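Report on the following structure.
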Amino acid sequence: MGYLSIPKGADITLKPEGKSVTLSFNTPPSVNEQIKSECIYVRQNSNLTLSGNTGYTLTIKGSEISGPLIANIGKLTLESGAVITCHTSTSTSAGVKNKGVFIMNGGEISHMSGKLGGAVSVIDSDASFVMNGGTITENTANNGAGIYLSEGSVSITGGIISQNTGYDIEIVGSETPKTDFSISGD
């Protein structure tokens, strides 16, 4: 598979039925300058939910390109049984480059390798990442291998962030902070 764009206004759930499914992305085609460098593009005012199903896994597998596996400026939800894995970005975030709303209720983000953010990067003042569950593990980045926050907000109420190379969580900012970070729960 080469490239998947979620249309503006769409509400889409990817969920396996009857067997586990792996979506493997190769280098995406050059559609235009704005969206040529990611494998999955969640547009503004659109929703994408990635979910497993009882006994079946949905795996989103990347390759090596200049951009992230998923670029989100809409709403992205990751549920139990979904795995985002095996992607290398040569110039930016590797897993989810988030400029919208990303809610992680379960699932896994692993084996990502990027410059700024291995698994998740939050890089817009209106962006938010909420981690209620799931696992972020075995990712690598120069900065923020698990979570990289430069603008926006991150709230962690559950889940596991471990075994990442290049800080599990990194918060950076300017003299005027545009970030909000909180951890609660057990």
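How things are named: the first chain in the structure tokens is A, the next is B, and so on; residues count from 1 in each chain; ligands count from 1 in the order shown.
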For Asn98 (chain A), find every residue with an atom within 7 Å (counting only C-alpha atoms), except residues of its own chain fewer than 3 positions away, and show them as a ChimeraX atom specification. /A:71-73,102,121-123,127
Long-range neighbours of Gly52 (chain A) as a ChimeraX atom specification, 8 Å cut-off, only C-alpha atoms, 2 positions minimum in chain: /A:15-16,50,54-58,79-82
Closest of A:Asn143, A:Gly67, A:Ile12, A:Ile60 to Gly107 (chain A) - atom-to-atom distances counting only C-alpha atoms: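 Ranking A:Asn143, A:Gly67, A:Ile12, A:Ile60 by distance to Gly107 (chain A), first place goes to A:Ile60.
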Point-to-point distance in Å for CA of Ser46 (chain A) and CA of Ile6 (chain A):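 Interatomic distance, CA of Ile6 (chain A) to CA of Ser46 (chain A): 6.8 Å.
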Please extract the residues of region 5-165 of chain A with a backbone DSSP assignment of strand (DSSP E or B) and present them as a ChimeraX atom specification. /A:5-6,11-14,21-24,40-42,47-50,53,56,58-61,64-65,70-72,75-78,82-89,96-98,101-104,108-116,120-131,135-137,140-143,147-156,160-162,165
So how far away is CA of Val154 (chain A) from CA of Thr49 (chain A), in Å?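 Separation of CA of Thr49 (chain A) and CA of Val154 (chain A): 19.0 Å.
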Using only C-alpha atoms for the distances, tell me which of A:Lys19, A:Asn142, A:Asp124, A:Thr165 is nearest to Thr179 (chain A). A:Asp124
Test item: residues at most 10 Å from region 23-25 of chain A, only C-alpha atoms, excluding those fewer than 2 positions along its chain, as a ChimeraX atom specification: /A:1-4,21,27-28,38-40,58-64,69,84-87
Computed gap from CA of Ile160 (chain A) to CA of Gly133 (chain A) is 7.3 Å
Using only C-alpha atoms, which of A:Gly100, A:Val130, A:Ala141, A:Gly146 sits nearest Ile183 (chain A)?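 Closest to Ile183 (chain A), using only C-alpha atoms: A:Val130.
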So which residues touch Met104 (chain A) within 6 Å, counting only C-alpha atoms, skipping near sequence neighbours fewer than 4 positions away, as a list in words?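 Once the nearby chain positions are removed, what remains is Thr77, Leu78, Met131 and Asn132 of chain A.
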Nearest to Ser66 (chain A) among A:Ala119, A:His111, A:Thr88, A:Lys97, with distances taken over only C-alpha atoms: which residue is it?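 Looking at the shortest contact to Ser66 (chain A), the residue is A:Thr88.
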Considering only C-alpha atoms, return as a count of residues only whatever protein or nucleic-acid residues lie within 6 Å of Thr135 (chain A), sequence-local ones (same chain, fewer than 2 positions apart) excluded. 4
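Take the candidates A:Gly106, A:Gly95, A:Gly166, A:Pro68 and check each one against Ala145 (chain A) using only C-alpha atoms; the shortest distance goes to A:Gly166.
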